[in-house]
There are 2 protein chains.
Amino acid sequence: MYLYALLNYMFSQSEENYLKAIFHLQQNANGGISTSSISEKLTTKAASVTEMIKKLAEKNLVDYQKYYGVQLTETGRKHALLIIRKHRLWEFFLVKRLNFNWDEVHDVAEQLEHIKSPKLVEELDIFLGRPEYDPHGDPIPDANGNLPKAPKKRLSGLKKGDHAICKGFNDNSSSFLQFLDKQNIGLNTKIEVIGIESFDETMTILVNSNTILLSKTATDNIYVEH
Amino acid sequence: MYLYALLNYMFSQSEENYLKAIFHLQQNANGGISTSSISEKLTTKAASVTEMIKKLAEKNLVDYQKYYGVQLTETGRKHALLIIRKHRLWEFFLVKRLNFNWDEVHDVAEQLEHIKSPKLVEELDIFLGRPEYDPHGDPIPDANGNLPKAPKKRLSGLKKGDHAICKGFNDNSSSFLQFLDKQNIGLNTKIEVIGIESFDETMTILVNSNTILLSKTATDNIYVEH
DNA sequence: ATAAATTATTAGGCAAACCTAATAATTTAT
DNA sequence: ATAAATTATTAGGTTTGCCTAATAATTTAT
Ligand SMILES: [Mn+2]
Ligand SMILES: [Mn+2]
Ligand SMILES: [Mn+2]
Ligand SMILES: [Mn+2]
């Protein structure tokens, strides 16, 4: 597709990182994305964000209204999804083919997602068997930017006696992923809720016949299918 | 290895491209590498080269004597070899795993060679079965920067009646590689010299029972084992 | 040996992507 | 409704890596 090829060579790494950040911020927000939230996500200063936002608006990747934040245009959204597609395909590759652990792949994928080659993305996708989810359970957009949107439910929403399967995480940080490793919780792990403390919502669950305690913070960050 | 890890995160893409260019220029030259040759190889202006060279000298990657060109230091050479290792491993990956043709991989490898992750290089190498040669017949340096140095002989040096096996090319440009494809000449192709025109050294060779004519320019650019 | 031609360096600028400090607009509190 | 606090923008720098034009050193030709 011609548009795709064009899109693919047009933007700098920095611009791509802004698009991705705005896309992710839009997932849990309605209305314009604030300068400060972008600045926090990218650990840059607000002044730099304003500057970049103007450039992105110039290129029709975002709609920008001074003092009222930005929103991705359709073009901006498509390109953000392409970067996310590449990020997640590479993470899958690293874990499933190169023996990386799931807590080691993010930083490398942050680099690989900027490699510009439409053929590479397509062939990698084929090579990997067109995976639908990355190693953290996050959906991989297809070549047209379509996301298999499975509505996610938090483990913290379950009740005593409920059975569930772990399907993803809100927090993909190495430290949380390593914690999950220690508790033997991974993608598609079967879980049973044994009990919930009334005073702080600490949850007792059963994982592979082991009893484990999880804080409310932890259970909030675990998505399940129920 | 600590030195390796340090090296691996220290240099910009631009600096790495200079190191690689200088390394390749040193292969066919003795003494200092001239500013103009680097400028030509990287298609930048001489003034930019002088500037960058000073920075590389500052970082002890090259020895630089004003007006007499540069030479890589041991550290510079090690790092150049790491970039070349990555470049060639990725080319191998693209051709052998992702169905790229050998004339399509160079530009993508130019991007991939700058990805910074020692683990990625090592795991990729293992995944690919520790290949010794890239798809163009160029040797892949090992993790310590050692190159399997097979002395290369030009096809143009052979005589009527000689048999040989194609082992590499001096020119890795898409156009030359595509020309070779058309003539059914690839790595390890068996060749027999049928005759050589005395006036322009055009060579008649036998490839898979087909008779082919190759210009002196072409036979100069084909390396053989004999 | 000197002049001409070639090659390299320096000087001075520019664009991208950051920054800090100063100012302006909006939002929240009184 | 006004003042205070918060958030965003603008103004003015910095660094990296590139450029052109001017100058300097080296090499080649006479
Ligand atoms: Mn990630
Ligand atoms: Mn992920
Ligand atoms: Mn190459
Ligand atoms: Mn190659």
# chains A, B, ... in the order shown; residues from 1 in each chain; ligands from 1

$ residues_near_ligand --ligand "ligand 1" --cutoff "8 Å" --atoms "only C-alpha atoms (C1' of nucleotides) and all ligand atoms" --output "list in words"
His87, Arg88, Glu91, Val105, His106, Asp107, Ala109, Glu110 and Asn172 of chain A

$ residues_near_ligand --ligand "ligand 2" --cutoff "6 Å" --atoms "only C-alpha atoms (C1' of nucleotides) and all ligand atoms" --output "NGL selection string"
:A and (88 or 134 or 136 or 138)

$ residues_near_ligand --ligand "ligand 3" --cutoff "12 Å" --atoms "only C-alpha atoms (C1' of nucleotides) and all ligand atoms" --output "VMD selection string"
chain B and resid 20 24 83 to 92 94 to 95 102 to 113 133 to 140 169 to 174 177

$ interface_residues --of "chain A" --to "chain D" --cutoff "12 Å" --atoms "only C-alpha atoms (C1' of nucleotides)" --output "VMD selection string"
chain A and resid 34 to 37 39 45 to 51 53 to 54 65 to 69

$ closest_residue --among "A:Lys78, A:Lys119, A:Lys59, A:Lys41" --to "chain B" --atoms "only C-alpha atoms"
A:Lys119

$ residues_around --residues "His163 (chain B)" --least-positions-apart "4" --cutoff "12 Å" --atoms "only C-alpha atoms (C1' of nucleotides)" --output "ChimeraX atom specification"
/B:155,157-159,189-195,205-207,224-226

$ write_last_selection --atoms "all heavy atoms" --output "tab-separated table (two decimals), in the first residue's frame"
chain	number	residue	atom	x	y	z
B	155	LEU	N	38.28	-14.00	-9.91
B	155	LEU	CA	37.97	-14.85	-11.06
B	155	LEU	C	38.81	-14.42	-12.27
B	155	LEU	O	39.28	-15.27	-13.06
B	155	LEU	CB	36.47	-14.75	-11.39
B	155	LEU	CG	35.98	-15.45	-12.66
B	155	LEU	CD1	36.39	-16.92	-12.70
B	155	LEU	CD2	34.46	-15.34	-12.78
B	157	GLY	N	41.69	-13.71	-12.44
B	157	GLY	CA	43.06	-14.24	-12.41
B	157	GLY	C	43.16	-15.68	-12.94
B	157	GLY	O	44.26	-16.20	-13.11
B	158	LEU	N	42.03	-16.30	-13.21
B	158	LEU	CA	42.07	-17.71	-13.66
B	158	LEU	C	42.38	-17.82	-15.15
B	158	LEU	O	42.30	-16.84	-15.89
B	158	LEU	CB	40.74	-18.39	-13.36
B	158	LEU	CG	40.32	-18.49	-11.89
B	158	LEU	CD1	39.24	-19.55	-11.72
B	158	LEU	CD2	41.50	-18.82	-10.99
B	159	LYS	N	42.73	-19.05	-15.55
B	159	LYS	CA	43.08	-19.29	-16.95
B	159	LYS	C	42.09	-20.26	-17.58
B	159	LYS	O	41.37	-20.98	-16.88
B	159	LYS	CB	44.49	-19.86	-17.04
B	159	LYS	CG	45.58	-18.86	-16.62
B	159	LYS	CD	46.99	-19.39	-16.80
B	159	LYS	CE	47.30	-20.63	-15.98
B	159	LYS	NZ	47.41	-20.37	-14.52
B	189	THR	N	28.64	-21.35	-6.22
B	189	THR	CA	28.36	-21.83	-7.57
B	189	THR	C	29.65	-22.33	-8.21
B	189	THR	O	30.70	-21.70	-8.06
B	189	THR	CB	27.77	-20.68	-8.43
B	189	THR	OG1	26.54	-20.28	-7.86
B	189	THR	CG2	27.54	-21.12	-9.87
B	190	LYS	N	29.56	-23.46	-8.91
B	190	LYS	CA	30.75	-24.02	-9.59
B	190	LYS	C	30.89	-23.40	-10.96
B	190	LYS	O	29.91	-23.23	-11.68
B	190	LYS	CB	30.63	-25.53	-9.71
B	190	LYS	CG	30.85	-26.26	-8.41
B	190	LYS	CD	31.02	-27.76	-8.64
B	190	LYS	CE	30.96	-28.52	-7.33
B	190	LYS	NZ	29.68	-29.22	-7.13
B	191	ILE	N	32.11	-23.06	-11.31
B	191	ILE	CA	32.41	-22.32	-12.53
B	191	ILE	C	33.55	-23.00	-13.29
B	191	ILE	O	34.50	-23.51	-12.67
B	191	ILE	CB	32.85	-20.88	-12.14
B	191	ILE	CG1	31.62	-20.02	-11.83
B	191	ILE	CG2	33.68	-20.24	-13.25
B	191	ILE	CD1	31.98	-18.69	-11.20
B	192	GLU	N	33.45	-23.01	-14.61
B	192	GLU	CA	34.59	-23.48	-15.40
B	192	GLU	C	34.92	-22.41	-16.44
B	192	GLU	O	34.03	-21.92	-17.13
B	192	GLU	CB	34.26	-24.80	-16.10
B	192	GLU	CG	35.46	-25.34	-16.86
B	192	GLU	CD	35.12	-26.58	-17.70
B	192	GLU	OE1	34.07	-27.21	-17.42
B	192	GLU	OE2	35.88	-26.88	-18.63
B	193	VAL	N	36.19	-22.08	-16.53
B	193	VAL	CA	36.60	-21.07	-17.51
B	193	VAL	C	36.75	-21.72	-18.88
B	193	VAL	O	37.59	-22.60	-19.08
B	193	VAL	CB	37.93	-20.40	-17.10
B	193	VAL	CG1	38.32	-19.33	-18.13
B	193	VAL	CG2	37.83	-19.81	-15.71
B	194	ILE	N	35.92	-21.26	-19.83
B	194	ILE	CA	35.94	-21.83	-21.18
B	194	ILE	C	36.92	-21.07	-22.07
B	194	ILE	O	37.60	-21.67	-22.91
B	194	ILE	CB	34.53	-21.74	-21.82
B	194	ILE	CG1	33.51	-22.50	-20.97
B	194	ILE	CG2	34.53	-22.26	-23.24
B	194	ILE	CD1	33.75	-23.98	-20.89
B	195	GLY	N	36.96	-19.77	-21.87
B	195	GLY	CA	37.90	-19.01	-22.70
B	195	GLY	C	37.98	-17.56	-22.27
B	195	GLY	O	37.14	-17.08	-21.51
B	205	ILE	N	32.45	-18.44	-19.40
B	205	ILE	CA	32.47	-19.47	-18.35
B	205	ILE	C	31.27	-20.38	-18.47
B	205	ILE	O	30.28	-20.06	-19.12
B	205	ILE	CB	32.49	-18.85	-16.93
B	205	ILE	CG1	31.20	-18.07	-16.69
B	205	ILE	CG2	33.71	-17.95	-16.73
B	205	ILE	CD1	31.05	-17.63	-15.24
B	206	LEU	N	31.38	-21.52	-17.81
B	206	LEU	CA	30.30	-22.49	-17.78
B	206	LEU	C	29.72	-22.50	-16.37
B	206	LEU	O	30.45	-22.69	-15.39
B	206	LEU	CB	30.86	-23.88	-18.15
B	206	LEU	CG	29.87	-24.91	-18.67
B	206	LEU	CD1	29.30	-24.47	-20.01
B	206	LEU	CD2	30.58	-26.26	-18.80
B	207	VAL	N	28.40	-22.25	-16.30
B	207	VAL	CA	27.70	-22.26	-15.01
B	207	VAL	C	26.47	-23.13	-15.14
B	207	VAL	O	25.59	-22.84	-15.95
B	207	VAL	CB	27.25	-20.84	-14.60
B	207	VAL	CG1	26.42	-20.89	-13.34
B	207	VAL	CG2	28.45	-19.93	-14.42
B	224	VAL	N	36.92	-16.25	-6.05
B	224	VAL	CA	36.74	-17.70	-6.20
B	224	VAL	C	37.73	-18.47	-5.36
B	224	VAL	O	38.78	-17.96	-4.95
B	224	VAL	CB	36.91	-18.11	-7.68
B	224	VAL	CG1	35.80	-17.53	-8.54
B	224	VAL	CG2	38.29	-17.71	-8.19
B	225	GLU	N	37.36	-19.73	-5.14
B	225	GLU	CA	38.30	-20.67	-4.53
B	225	GLU	C	38.70	-21.60	-5.66
B	225	GLU	O	37.85	-22.01	-6.45
B	225	GLU	CB	37.56	-21.46	-3.44
B	225	GLU	CG	38.46	-22.26	-2.55
B	225	GLU	CD	37.61	-22.94	-1.48
B	225	GLU	OE1	37.27	-22.27	-0.49
B	225	GLU	OE2	37.24	-24.11	-1.68
B	226	HIS	N	39.95	-21.91	-5.72
B	226	HIS	CA	40.45	-22.55	-6.93
B	226	HIS	C	41.35	-23.72	-6.56
B	226	HIS	O	41.88	-23.79	-5.50
B	226	HIS	CB	41.20	-21.48	-7.76
B	226	HIS	CG	41.94	-22.05	-8.91
B	226	HIS	ND1	43.20	-21.63	-9.26
B	226	HIS	CD2	41.59	-22.98	-9.81
B	226	HIS	CE1	43.59	-22.29	-10.32
B	226	HIS	NE2	42.65	-23.12	-10.67
